[in-house]
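Pasted below: data.tsv, TSV, N, CA and C atoms.
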chain	number	residue	atom	x	y	z
A	257	GLN	N	-27.77	68.77	14.40
A	257	GLN	CA	-28.93	68.47	13.58
A	257	GLN	C	-30.00	67.79	14.44
A	258	VAL	N	-31.24	68.25	14.33
A	258	VAL	CA	-32.34	67.71	15.10
A	258	VAL	C	-32.90	66.49	14.38
A	259	ARG	N	-33.09	65.43	15.15
A	259	ARG	CA	-33.70	64.22	14.60
A	259	ARG	C	-34.70	63.70	15.61
A	260	LEU	N	-35.90	63.35	15.11
A	260	LEU	CA	-36.97	62.81	15.94
A	260	LEU	C	-37.36	61.45	15.37
A	261	VAL	N	-37.45	60.44	16.24
A	261	VAL	CA	-37.79	59.09	15.79
A	261	VAL	C	-38.91	58.55	16.68
A	262	GLU	N	-40.08	58.34	16.07
A	262	GLU	CA	-41.22	57.79	16.80
A	262	GLU	C	-41.20	56.27	16.73
A	263	SER	N	-41.79	55.65	17.76
A	263	SER	CA	-41.96	54.20	17.77
A	263	SER	C	-43.10	53.86	18.71
A	264	GLY	N	-43.53	52.60	18.66
A	264	GLY	CA	-44.54	52.13	19.60
A	264	GLY	C	-45.93	51.93	19.04
A	265	GLY	N	-46.12	52.30	17.78
A	265	GLY	CA	-47.43	52.11	17.18
A	265	GLY	C	-47.75	50.65	16.95
A	266	GLY	N	-49.00	50.39	16.55
A	266	GLY	CA	-49.39	49.02	16.26
A	266	GLY	C	-50.88	48.89	16.09
A	267	LEU	N	-51.32	47.66	16.00
A	267	LEU	CA	-52.73	47.32	15.86
A	267	LEU	C	-53.26	46.86	17.21
A	268	VAL	N	-54.27	47.56	17.71
A	268	VAL	CA	-54.85	47.22	19.00
A	268	VAL	C	-56.37	47.21	18.88
A	269	GLN	N	-57.02	46.68	19.91
A	269	GLN	CA	-58.47	46.65	19.95
A	269	GLN	C	-59.01	47.85	20.72
A	270	PRO	N	-60.24	48.23	20.47
A	270	PRO	CA	-60.84	49.31	21.27
A	270	PRO	C	-60.74	49.03	22.75
A	271	GLY	N	-60.36	50.06	23.51
A	271	GLY	CA	-60.19	49.91	24.94
A	271	GLY	C	-58.78	49.60	25.38
A	272	ASP	N	-57.94	49.21	24.45
A	272	ASP	CA	-56.55	48.89	24.77
A	272	ASP	C	-55.73	50.16	24.99
A	273	SER	N	-54.48	49.94	25.39
A	273	SER	CA	-53.53	51.04	25.61
A	273	SER	C	-52.29	50.84	24.76
A	274	LEU	N	-51.63	51.96	24.45
A	274	LEU	CA	-50.35	51.96	23.77
A	274	LEU	C	-49.53	53.11	24.32
A	275	ARG	N	-48.22	52.95	24.28
A	275	ARG	CA	-47.34	54.06	24.62
A	275	ARG	C	-46.41	54.33	23.45
A	276	LEU	N	-46.52	55.51	22.91
A	276	LEU	CA	-45.65	55.93	21.82
A	276	LEU	C	-44.43	56.65	22.39
A	277	SER	N	-43.31	56.51	21.70
A	277	SER	CA	-42.07	57.17	22.11
A	277	SER	C	-41.58	58.07	20.98
A	278	CYS	N	-40.93	59.14	21.37
A	278	CYS	CA	-40.28	60.04	20.42
A	278	CYS	C	-38.87	60.28	20.94
A	279	ALA	N	-37.92	59.59	20.36
A	279	ALA	CA	-36.52	59.75	20.76
A	279	ALA	C	-35.89	60.89	19.96
A	280	ALA	N	-35.25	61.80	20.67
A	280	ALA	CA	-34.72	62.99	20.02
A	280	ALA	C	-33.20	63.05	20.11
A	281	SER	N	-32.61	63.64	19.11
A	281	SER	CA	-31.19	63.98	19.14
A	281	SER	C	-31.04	65.38	18.58
A	282	GLY	N	-30.02	66.07	19.04
A	282	GLY	CA	-29.79	67.44	18.60
A	282	GLY	C	-30.52	68.48	19.42
A	283	ILE	N	-31.38	68.04	20.32
A	283	ILE	CA	-32.08	68.93	21.24
A	283	ILE	C	-32.15	68.26	22.59
A	284	VAL	N	-32.43	69.05	23.62
A	284	VAL	CA	-32.64	68.49	24.95
A	284	VAL	C	-34.14	68.48	25.19
A	285	VAL	N	-34.73	67.30	25.12
A	285	VAL	CA	-36.18	67.17	25.13
A	285	VAL	C	-36.86	67.88	26.29
A	286	PRO	N	-36.40	67.71	27.52
A	286	PRO	CA	-37.15	68.32	28.62
A	286	PRO	C	-37.08	69.84	28.66
A	287	ARG	N	-36.28	70.46	27.84
A	287	ARG	CA	-36.08	71.91	27.95
A	287	ARG	C	-36.84	72.71	26.91
A	288	ILE	N	-37.51	72.06	26.00
A	288	ILE	CA	-38.21	72.81	24.98
A	288	ILE	C	-39.64	72.32	24.84
A	289	ASN	N	-40.47	73.14	24.23
A	289	ASN	CA	-41.85	72.74	23.97
A	289	ASN	C	-41.89	71.70	22.86
A	290	MET	N	-42.68	70.69	23.07
A	290	MET	CA	-42.81	69.65	22.05
A	290	MET	C	-44.28	69.27	21.90
A	291	ASN	N	-44.59	68.68	20.75
A	291	ASN	CA	-45.98	68.38	20.42
A	291	ASN	C	-46.12	66.96	19.87
A	292	TRP	N	-47.31	66.42	20.05
A	292	TRP	CA	-47.75	65.22	19.32
A	292	TRP	C	-48.88	65.63	18.39
A	293	PHE	N	-48.75	65.23	17.14
A	293	PHE	CA	-49.80	65.42	16.15
A	293	PHE	C	-50.24	64.04	15.65
A	294	ARG	N	-51.37	64.01	14.97
A	294	ARG	CA	-51.78	62.79	14.29
A	294	ARG	C	-52.51	63.15	13.01
A	295	GLN	N	-52.46	62.20	12.08
A	295	GLN	CA	-53.15	62.39	10.82
A	295	GLN	C	-53.88	61.10	10.46
A	296	ALA	N	-55.19	61.20	10.46
A	296	ALA	CA	-56.03	60.05	10.10
A	296	ALA	C	-56.19	60.01	8.59
A	297	PRO	N	-56.51	58.85	8.04
A	297	PRO	CA	-56.70	58.73	6.59
A	297	PRO	C	-57.72	59.72	6.06
A	298	GLY	N	-57.33	60.49	5.06
A	298	GLY	CA	-58.24	61.43	4.44
A	298	GLY	C	-58.50	62.70	5.22
A	299	LYS	N	-57.76	62.89	6.31
A	299	LYS	CA	-57.99	64.06	7.15
A	299	LYS	C	-56.69	64.87	7.29
A	300	GLU	N	-56.86	66.11	7.75
A	300	GLU	CA	-55.70	66.96	7.98
A	300	GLU	C	-54.99	66.56	9.28
A	301	ARG	N	-53.72	66.89	9.35
A	301	ARG	CA	-52.97	66.64	10.57
A	301	ARG	C	-53.53	67.52	11.69
A	302	GLU	N	-53.69	66.93	12.87
A	302	GLU	CA	-54.25	67.67	14.00
A	302	GLU	C	-53.35	67.55	15.22
A	303	LEU	N	-53.38	68.58	16.04
A	303	LEU	CA	-52.60	68.59	17.27
A	303	LEU	C	-53.29	67.72	18.32
A	304	VAL	N	-52.54	66.79	18.88
A	304	VAL	CA	-53.06	65.91	19.93
A	304	VAL	C	-52.77	66.49	21.31
A	305	GLY	N	-51.54	66.95	21.49
A	305	GLY	CA	-51.17	67.51	22.78
A	305	GLY	C	-49.79	68.14	22.74
A	306	SER	N	-49.52	68.93	23.77
A	306	SER	CA	-48.25	69.66	23.85
A	306	SER	C	-47.73	69.62	25.27
A	307	VAL	N	-46.40	69.70	25.38
A	307	VAL	CA	-45.77	69.83	26.68
A	307	VAL	C	-44.82	71.01	26.60
A	308	THR	N	-44.86	71.84	27.63
A	308	THR	CA	-44.09	73.07	27.60
A	308	THR	C	-42.73	72.89	28.25
A	309	ASN	N	-41.92	73.89	28.04
A	309	ASN	CA	-40.58	73.94	28.62
A	309	ASN	C	-40.62	73.60	30.11
A	310	GLY	N	-39.81	72.63	30.49
A	310	GLY	CA	-39.81	72.23	31.88
A	310	GLY	C	-40.73	71.06	32.15
A	311	GLY	N	-41.69	70.85	31.26
A	311	GLY	CA	-42.55	69.68	31.38
A	311	GLY	C	-43.65	69.79	32.39
A	312	SER	N	-43.84	70.97	32.99
A	312	SER	CA	-44.84	71.07	34.04
A	312	SER	C	-46.24	71.32	33.49
A	313	ASP	N	-46.34	71.78	32.27
A	313	ASP	CA	-47.64	72.10	31.69
A	313	ASP	C	-47.88	71.27	30.43
A	314	THR	N	-49.03	70.64	30.40
A	314	THR	CA	-49.43	69.89	29.21
A	314	THR	C	-50.85	70.31	28.82
A	315	THR	N	-51.10	70.30	27.54
A	315	THR	CA	-52.44	70.56	27.03
A	315	THR	C	-52.79	69.49	26.02
A	316	TYR	N	-54.09	69.23	25.89
A	316	TYR	CA	-54.57	68.14	25.05
A	316	TYR	C	-55.78	68.57	24.24
A	317	ALA	N	-55.93	67.96	23.09
A	317	ALA	CA	-57.15	68.14	22.33
A	317	ALA	C	-58.32	67.56	23.13
A	318	ASP	N	-59.48	68.15	22.95
A	318	ASP	CA	-60.67	67.68	23.68
A	318	ASP	C	-60.95	66.21	23.41
A	319	SER	N	-60.63	65.77	22.21
A	319	SER	CA	-60.95	64.39	21.82
A	319	SER	C	-60.12	63.35	22.57
A	320	VAL	N	-59.00	63.76	23.17
A	320	VAL	CA	-58.14	62.80	23.86
A	320	VAL	C	-57.98	63.13	25.34
A	321	LYS	N	-58.52	64.24	25.78
A	321	LYS	CA	-58.35	64.68	27.17
A	321	LYS	C	-58.89	63.61	28.12
A	322	GLY	N	-58.09	63.29	29.13
A	322	GLY	CA	-58.48	62.28	30.09
A	322	GLY	C	-58.08	60.87	29.70
A	323	ARG	N	-57.67	60.68	28.44
A	323	ARG	CA	-57.24	59.35	27.97
A	323	ARG	C	-55.76	59.32	27.62
A	324	PHE	N	-55.23	60.42	27.12
A	324	PHE	CA	-53.83	60.48	26.68
A	324	PHE	C	-53.03	61.33	27.66
A	325	THR	N	-51.76	60.94	27.84
A	325	THR	CA	-50.87	61.68	28.72
A	325	THR	C	-49.48	61.79	28.09
A	326	ILE	N	-48.94	63.00	28.08
A	326	ILE	CA	-47.58	63.24	27.58
A	326	ILE	C	-46.61	63.30	28.75
A	327	SER	N	-45.47	62.66	28.58
A	327	SER	CA	-44.42	62.74	29.59
A	327	SER	C	-43.07	62.77	28.90
A	328	ARG	N	-42.04	63.07	29.68
A	328	ARG	CA	-40.68	63.13	29.12
A	328	ARG	C	-39.69	62.48	30.09
A	329	ASP	N	-38.64	61.95	29.53
A	329	ASP	CA	-37.59	61.28	30.30
A	329	ASP	C	-36.27	61.98	30.02
A	330	TRP	N	-35.71	62.60	31.06
A	330	TRP	CA	-34.43	63.31	30.91
A	330	TRP	C	-33.33	62.36	30.46
A	331	ALA	N	-33.23	61.24	31.12
A	331	ALA	CA	-32.10	60.35	30.88
A	331	ALA	C	-32.10	59.80	29.46
A	332	LYS	N	-33.30	59.53	28.93
A	332	LYS	CA	-33.39	58.95	27.60
A	332	LYS	C	-33.65	60.00	26.52
A	333	ASN	N	-33.79	61.27	26.94
A	333	ASN	CA	-34.08	62.35	25.99
A	333	ASN	C	-35.23	61.96	25.06
A	334	THR	N	-36.28	61.51	25.68
A	334	THR	CA	-37.42	60.95	24.94
A	334	THR	C	-38.73	61.51	25.47
A	335	MET	N	-39.65	61.75	24.57
A	335	MET	CA	-41.00	62.15	24.92
A	335	MET	C	-41.93	60.97	24.67
A	336	TYR	N	-42.95	60.83	25.50
A	336	TYR	CA	-43.88	59.72	25.39
A	336	TYR	C	-45.30	60.23	25.24
A	337	LEU	N	-46.12	59.39	24.64
A	337	LEU	CA	-47.56	59.62	24.60
A	337	LEU	C	-48.23	58.33	25.06
A	338	GLN	N	-48.73	58.35	26.29
A	338	GLN	CA	-49.46	57.20	26.83
A	338	GLN	C	-50.91	57.35	26.39
A	339	MET	N	-51.41	56.35	25.69
A	339	MET	CA	-52.77	56.39	25.15
A	339	MET	C	-53.57	55.25	25.76
A	340	ASN	N	-54.60	55.61	26.51
A	340	ASN	CA	-55.47	54.62	27.16
A	340	ASN	C	-56.87	54.69	26.56
A	341	SER	N	-57.63	53.65	26.79
A	341	SER	CA	-59.02	53.60	26.32
A	341	SER	C	-59.12	53.98	24.85
A	342	LEU	N	-58.30	53.37	24.04
A	342	LEU	CA	-58.25	53.73	22.63
A	342	LEU	C	-59.56	53.43	21.91
A	343	LYS	N	-59.87	54.30	20.96
A	343	LYS	CA	-61.09	54.20	20.18
A	343	LYS	C	-60.74	54.07	18.70
A	344	PRO	N	-61.65	53.53	17.91
A	344	PRO	CA	-61.37	53.45	16.46
A	344	PRO	C	-61.02	54.80	15.85
A	345	GLU	N	-61.61	55.86	16.35
A	345	GLU	CA	-61.32	57.19	15.81
A	345	GLU	C	-59.93	57.71	16.17
A	346	ASP	N	-59.21	56.98	17.00
A	346	ASP	CA	-57.81	57.33	17.29
A	346	ASP	C	-56.87	56.77	16.22
A	347	THR	N	-57.39	55.99	15.31
A	347	THR	CA	-56.57	55.44	14.23
A	347	THR	C	-55.95	56.56	13.41
A	348	ALA	N	-54.63	56.55	13.30
A	348	ALA	CA	-53.92	57.62	12.60
A	348	ALA	C	-52.43	57.31	12.62
A	349	ILE	N	-51.69	58.11	11.87
A	349	ILE	CA	-50.24	58.13	12.02
A	349	ILE	C	-49.92	59.25	13.01
A	350	TYR	N	-49.12	58.92	13.99
A	350	TYR	CA	-48.80	59.87	15.05
A	350	TYR	C	-47.37	60.39	14.84
A	351	TYR	N	-47.23	61.70	14.97
A	351	TYR	CA	-45.95	62.37	14.74
A	351	TYR	C	-45.57	63.21	15.96
A	352	CYS	N	-44.29	63.22	16.30
A	352	CYS	CA	-43.82	64.21	17.25
A	352	CYS	C	-43.22	65.38	16.48
A	353	ASN	N	-43.23	66.52	17.14
A	353	ASN	CA	-42.91	67.77	16.46
A	353	ASN	C	-42.25	68.73	17.44
A	354	VAL	N	-41.30	69.48	16.94
A	354	VAL	CA	-40.69	70.53	17.75
A	354	VAL	C	-40.34	71.70	16.84
A	355	LEU	N	-40.56	72.89	17.37
A	355	LEU	CA	-40.11	74.12	16.73
A	355	LEU	C	-38.87	74.56	17.47
A	356	PHE	N	-37.74	74.54	16.78
A	356	PHE	CA	-36.46	74.79	17.43
A	356	PHE	C	-35.64	75.74	16.60
A	357	ARG	N	-35.31	76.88	17.19
A	357	ARG	CA	-34.50	77.89	16.51
A	357	ARG	C	-35.08	78.25	15.14
A	358	GLY	N	-36.39	78.41	15.11
A	358	GLY	CA	-37.08	78.87	13.92
A	358	GLY	C	-37.38	77.80	12.89
A	359	ASN	N	-36.98	76.57	13.14
A	359	ASN	CA	-37.24	75.48	12.22
A	359	ASN	C	-38.21	74.48	12.82
A	360	ASN	N	-39.09	73.97	11.97
A	360	ASN	CA	-40.10	73.00	12.38
A	360	ASN	C	-39.60	71.60	12.03
A	361	TYR	N	-39.50	70.75	13.03
A	361	TYR	CA	-38.98	69.40	12.82
A	361	TYR	C	-40.07	68.37	13.10
A	362	TRP	N	-40.07	67.30	12.27
A	362	TRP	CA	-41.04	66.22	12.40
A	362	TRP	C	-40.31	64.88	12.37
A	363	GLY	N	-40.88	63.92	13.08
A	363	GLY	CA	-40.41	62.56	12.91
A	363	GLY	C	-41.08	61.92	11.71
A	364	GLN	N	-40.78	60.65	11.49
A	364	GLN	CA	-41.33	59.95	10.33
A	364	GLN	C	-42.73	59.40	10.61
A	365	GLY	N	-43.13	59.40	11.87
A	365	GLY	CA	-44.47	58.93	12.23
A	365	GLY	C	-44.50	57.47	12.61
A	366	THR	N	-45.49	57.13	13.44
A	366	THR	CA	-45.74	55.74	13.79
A	366	THR	C	-47.24	55.49	13.69
A	367	ARG	N	-47.61	54.39	13.07
A	367	ARG	CA	-49.01	54.13	12.76
A	367	ARG	C	-49.70	53.43	13.92
A	368	VAL	N	-50.86	53.96	14.26
A	368	VAL	CA	-51.72	53.35	15.28
A	368	VAL	C	-53.05	52.98	14.62
A	369	THR	N	-53.42	51.73	14.75
A	369	THR	CA	-54.70	51.26	14.22
A	369	THR	C	-55.50	50.64	15.35
A	370	VAL	N	-56.70	51.16	15.55
A	370	VAL	CA	-57.59	50.66	16.60
A	370	VAL	C	-58.79	50.03	15.91
A	371	SER	N	-58.87	48.71	16.03
A	371	SER	CA	-59.92	47.99	15.31
A	371	SER	C	-60.22	46.68	16.02
A	372	SER	N	-61.50	46.30	15.99
A	372	SER	CA	-61.88	45.01	16.55
A	372	SER	C	-61.88	43.94	15.46

Could you write out this file's structure as structure tokens?
Amino acid sequence: QVRLVESGGGLVQPGDSLRLSCAASGIVVPRINMNWFRQAPGKERELVGSVTNGGSDTTYADSVKGRFTISRDWAKNTMYLQMNSLKPEDTAIYYCNVLFRGNNYWGQGTRVTVSS
């Protein structure tokens, strides 16, 4: 059974950094494509970034390109989202996601609030 658990969210000021984690079980994180999504209040869920099989290729939404970085840790079977230079518009609940064997899996989300 696939399980995804996000952590690392919190309340930060504009310009600060946070690192979100997505700990996985039931899958081998570095071997499959995985995604980070976010959903801001009153808005639809949007794709933040993706990492492909093997971890060598990452893509990002234009709104976060150059500020956010996805990485993975083999030993901890965990995916990360390093977020730098945070802006108020980054405020959202962040979710990790994987499509595995035809099923779409989501974590419970971790809330990020960027406010002065």

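Minimum atom-to-atom distance to A:Met290, evaluated using all atoms listed in the file, belongs to A:Val307 out of A:Val307, A:Cys278, A:Tyr316, A:Trp330.
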
Counting only C-alpha atoms, the residue among A:Gly282, A:Gly322, A:Gly271, A:Gly264 that lies closest to A:Pro344 is A:Gly271

Determine, counting only C-alpha atoms, every residue of protein, DNA or RNA that lies within 9 Å of (-37.1, 75.2, 22.6) in the file coordinates, then give the result as a PyMOL selection string.
chain A and resi 283-285+287-290+308-309+354-357

Strand (DSSP E) residues, from DSSP on the backbone, in chain A, as a count of residues only:
61

Kindly assemble as a tab-separated table a list of the stretch 270-326 of chain A residues that lie within 6 Å of stretch 331-340 of chain A, each paired with its nearest atom pair and their distance in Å to one decimal, using only N, CA and C atoms, sorted first by chain and then by ascending residue number.
residue	atom	partner	partner_atom	distance
A:Gly271	C	A:Asn340	C	5.6
A:Asp272	C	A:Asn340	C	4.9
A:Ser273	CA	A:Met339	C	4.2
A:Leu274	C	A:Met339	N	4.0
A:Arg275	CA	A:Leu337	C	4.4
A:Leu276	C	A:Leu337	N	3.9
A:Ser277	CA	A:Tyr336	CA	4.5
A:Cys278	N	A:Met335	C	3.9
A:Ala279	CA	A:Thr334	CA	4.4
A:Ala280	N	A:Asn333	C	4.4
A:Val285	N	A:Asn333	CA	5.1
A:Arg323	C	A:Asn340	N	4.0
A:Phe324	CA	A:Gln338	C	4.3
A:Thr325	C	A:Gln338	N	4.0
A:Ile326	CA	A:Tyr336	C	4.4

Please, could you write that set of residues out with N, CA and C atoms as a PDB file, in the frame of the given file?
ATOM      1  N   GLY A 271     -60.360  50.060  23.510  1.00  0.00           N
ATOM      2  CA  GLY A 271     -60.190  49.910  24.940  1.00  0.00           C
ATOM      3  C   GLY A 271     -58.780  49.600  25.380  1.00  0.00           C
ATOM      4  N   ASP A 272     -57.940  49.210  24.450  1.00  0.00           N
ATOM      5  CA  ASP A 272     -56.550  48.890  24.770  1.00  0.00           C
ATOM      6  C   ASP A 272     -55.730  50.160  24.990  1.00  0.00           C
ATOM      7  N   SER A 273     -54.480  49.940  25.390  1.00  0.00           N
ATOM      8  CA  SER A 273     -53.530  51.040  25.610  1.00  0.00           C
ATOM      9  C   SER A 273     -52.290  50.840  24.760  1.00  0.00           C
ATOM     10  N   LEU A 274     -51.630  51.960  24.450  1.00  0.00           N
ATOM     11  CA  LEU A 274     -50.350  51.960  23.770  1.00  0.00           C
ATOM     12  C   LEU A 274     -49.530  53.110  24.320  1.00  0.00           C
ATOM     13  N   ARG A 275     -48.220  52.950  24.280  1.00  0.00           N
ATOM     14  CA  ARG A 275     -47.340  54.060  24.620  1.00  0.00           C
ATOM     15  C   ARG A 275     -46.410  54.330  23.450  1.00  0.00           C
ATOM     16  N   LEU A 276     -46.520  55.510  22.910  1.00  0.00           N
ATOM     17  CA  LEU A 276     -45.650  55.930  21.820  1.00  0.00           C
ATOM     18  C   LEU A 276     -44.430  56.650  22.390  1.00  0.00           C
ATOM     19  N   SER A 277     -43.310  56.510  21.700  1.00  0.00           N
ATOM     20  CA  SER A 277     -42.070  57.170  22.110  1.00  0.00           C
ATOM     21  C   SER A 277     -41.580  58.070  20.980  1.00  0.00           C
ATOM     22  N   CYS A 278     -40.930  59.140  21.370  1.00  0.00           N
ATOM     23  CA  CYS A 278     -40.280  60.040  20.420  1.00  0.00           C
ATOM     24  C   CYS A 278     -38.870  60.280  20.940  1.00  0.00           C
ATOM     25  N   ALA A 279     -37.920  59.590  20.360  1.00  0.00           N
ATOM     26  CA  ALA A 279     -36.520  59.750  20.760  1.00  0.00           C
ATOM     27  C   ALA A 279     -35.890  60.890  19.960  1.00  0.00           C
ATOM     28  N   ALA A 280     -35.250  61.800  20.670  1.00  0.00           N
ATOM     29  CA  ALA A 280     -34.720  62.990  20.020  1.00  0.00           C
ATOM     30  C   ALA A 280     -33.200  63.050  20.110  1.00  0.00           C
ATOM     31  N   VAL A 285     -34.730  67.300  25.120  1.00  0.00           N
ATOM     32  CA  VAL A 285     -36.180  67.170  25.130  1.00  0.00           C
ATOM     33  C   VAL A 285     -36.860  67.880  26.290  1.00  0.00           C
ATOM     34  N   ARG A 323     -57.670  60.680  28.440  1.00  0.00           N
ATOM     35  CA  ARG A 323     -57.240  59.350  27.970  1.00  0.00           C
ATOM     36  C   ARG A 323     -55.760  59.320  27.620  1.00  0.00           C
ATOM     37  N   PHE A 324     -55.230  60.420  27.120  1.00  0.00           N
ATOM     38  CA  PHE A 324     -53.830  60.480  26.680  1.00  0.00           C
ATOM     39  C   PHE A 324     -53.030  61.330  27.660  1.00  0.00           C
ATOM     40  N   THR A 325     -51.760  60.940  27.840  1.00  0.00           N
ATOM     41  CA  THR A 325     -50.870  61.680  28.720  1.00  0.00           C
ATOM     42  C   THR A 325     -49.480  61.790  28.090  1.00  0.00           C
ATOM     43  N   ILE A 326     -48.940  63.000  28.080  1.00  0.00           N
ATOM     44  CA  ILE A 326     -47.580  63.240  27.580  1.00  0.00           C
ATOM     45  C   ILE A 326     -46.610  63.300  28.750  1.00  0.00           C
TER      46      ILE A 326
END

Got a sec to tell me which of chain A DSSP assigns to helix (DSSP H, G or I), as a list in words?
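For chain A, the helix (DSSP H, G or I) set is Val285, Pro286, Arg287, Pro344, Glu345 and Asp346 of chain A.
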
Leaving out stretch 291-304 of chain A and any residue of its chain fewer than 3 positions from it, which residues lie within 6 Å of it when counting all atoms listed in the file, given as a PyMOL selection string?
chain A and resi 307+315-317+347-354

Using atom N of A:Val370 and atom C of A:Glu262 as the two end points, give the distance in Å to one decimal.
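Taking atom N of A:Val370 as the start and atom C of A:Glu262 as the end point, the length is 16.4 Å.
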
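Closest approach to A:Gln364 among A:Ser263, A:Ser306, A:Ser327, A:Ser281: A:Ser263, based on only C-alpha atoms.
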
Please define a box with edges along x, y and z of the file around all atoms of stretch 358-372 of chain A given in the file, extend it by 4 Å on each side, and return its centre and edge lengths in Å to one decimal, as AutoDock Vina command-line options.
--center_x -49.1 --center_y 61.4 --center_z 13.5 --size_x 33.5 --size_y 42.9 --size_z 14.3

Interatomic distance (Å, one decimal) between atom CA of A:Gly365 and atom CA of A:Val261:
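Pair atom CA of A:Gly365 / atom CA of A:Val261 returns 7.6 Å.
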
Closest of A:Ser312, A:Thr366, A:Ser372, A:Asn359 to A:Gly266 - atom-to-atom distances counting all atoms listed in the file:
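Checking each of A:Ser312, A:Thr366, A:Ser372, A:Asn359 against A:Gly266, counting all atoms listed in the file, the winner is A:Thr366.
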
Suppose you want the space between atom C of A:Asp346 and atom C of A:Asp313; what is it in Å?
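Between these atoms lies a distance of 22.2 Å.
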
Since the input has fewer atoms than a full residue there, write stretch 350-363 of chain A out with N, CA, C and O atoms, as a PDB file, in the coordinates of the input.
ATOM      1  N   TYR A 350     -49.120  58.920  13.990  1.00  0.00           N
ATOM      2  CA  TYR A 350     -48.800  59.870  15.050  1.00  0.00           C
ATOM      3  C   TYR A 350     -47.370  60.390  14.840  1.00  0.00           C
ATOM      4  O   TYR A 350     -46.438  59.607  14.597  1.00  0.00           O
ATOM      5  N   TYR A 351     -47.230  61.700  14.970  1.00  0.00           N
ATOM      6  CA  TYR A 351     -45.950  62.370  14.740  1.00  0.00           C
ATOM      7  C   TYR A 351     -45.570  63.210  15.960  1.00  0.00           C
ATOM      8  O   TYR A 351     -46.420  63.868  16.558  1.00  0.00           O
ATOM      9  N   CYS A 352     -44.290  63.220  16.300  1.00  0.00           N
ATOM     10  CA  CYS A 352     -43.820  64.210  17.250  1.00  0.00           C
ATOM     11  C   CYS A 352     -43.220  65.380  16.480  1.00  0.00           C
ATOM     12  O   CYS A 352     -42.784  65.239  15.334  1.00  0.00           O
ATOM     13  N   ASN A 353     -43.230  66.520  17.140  1.00  0.00           N
ATOM     14  CA  ASN A 353     -42.910  67.770  16.460  1.00  0.00           C
ATOM     15  C   ASN A 353     -42.250  68.730  17.440  1.00  0.00           C
ATOM     16  O   ASN A 353     -42.625  68.777  18.616  1.00  0.00           O
ATOM     17  N   VAL A 354     -41.300  69.480  16.940  1.00  0.00           N
ATOM     18  CA  VAL A 354     -40.690  70.530  17.750  1.00  0.00           C
ATOM     19  C   VAL A 354     -40.340  71.700  16.840  1.00  0.00           C
ATOM     20  O   VAL A 354     -39.936  71.520  15.697  1.00  0.00           O
ATOM     21  N   LEU A 355     -40.560  72.890  17.370  1.00  0.00           N
ATOM     22  CA  LEU A 355     -40.110  74.120  16.730  1.00  0.00           C
ATOM     23  C   LEU A 355     -38.870  74.560  17.470  1.00  0.00           C
ATOM     24  O   LEU A 355     -38.924  74.883  18.658  1.00  0.00           O
ATOM     25  N   PHE A 356     -37.740  74.540  16.780  1.00  0.00           N
ATOM     26  CA  PHE A 356     -36.460  74.790  17.430  1.00  0.00           C
ATOM     27  C   PHE A 356     -35.640  75.740  16.600  1.00  0.00           C
ATOM     28  O   PHE A 356     -35.353  75.458  15.420  1.00  0.00           O
ATOM     29  N   ARG A 357     -35.310  76.880  17.190  1.00  0.00           N
ATOM     30  CA  ARG A 357     -34.500  77.890  16.510  1.00  0.00           C
ATOM     31  C   ARG A 357     -35.080  78.250  15.140  1.00  0.00           C
ATOM     32  O   ARG A 357     -34.360  78.366  14.149  1.00  0.00           O
ATOM     33  N   GLY A 358     -36.390  78.410  15.110  1.00  0.00           N
ATOM     34  CA  GLY A 358     -37.080  78.870  13.920  1.00  0.00           C
ATOM     35  C   GLY A 358     -37.380  77.800  12.890  1.00  0.00           C
ATOM     36  O   GLY A 358     -37.993  78.098  11.860  1.00  0.00           O
ATOM     37  N   ASN A 359     -36.980  76.570  13.140  1.00  0.00           N
ATOM     38  CA  ASN A 359     -37.240  75.480  12.220  1.00  0.00           C
ATOM     39  C   ASN A 359     -38.210  74.480  12.820  1.00  0.00           C
ATOM     40  O   ASN A 359     -38.155  74.182  14.019  1.00  0.00           O
ATOM     41  N   ASN A 360     -39.090  73.970  11.970  1.00  0.00           N
ATOM     42  CA  ASN A 360     -40.100  73.000  12.380  1.00  0.00           C
ATOM     43  C   ASN A 360     -39.600  71.600  12.030  1.00  0.00           C
ATOM     44  O   ASN A 360     -39.306  71.316  10.868  1.00  0.00           O
ATOM     45  N   TYR A 361     -39.500  70.750  13.030  1.00  0.00           N
ATOM     46  CA  TYR A 361     -38.980  69.400  12.820  1.00  0.00           C
ATOM     47  C   TYR A 361     -40.070  68.370  13.100  1.00  0.00           C
ATOM     48  O   TYR A 361     -40.862  68.514  14.046  1.00  0.00           O
ATOM     49  N   TRP A 362     -40.070  67.300  12.270  1.00  0.00           N
ATOM     50  CA  TRP A 362     -41.040  66.220  12.400  1.00  0.00           C
ATOM     51  C   TRP A 362     -40.310  64.880  12.370  1.00  0.00           C
ATOM     52  O   TRP A 362     -39.301  64.737  11.669  1.00  0.00           O
ATOM     53  N   GLY A 363     -40.880  63.920  13.080  1.00  0.00           N
ATOM     54  CA  GLY A 363     -40.410  62.560  12.910  1.00  0.00           C
ATOM     55  C   GLY A 363     -41.080  61.920  11.710  1.00  0.00           C
ATOM     56  O   GLY A 363     -41.884  62.555  11.013  1.00  0.00           O
TER      57      GLY A 363
END
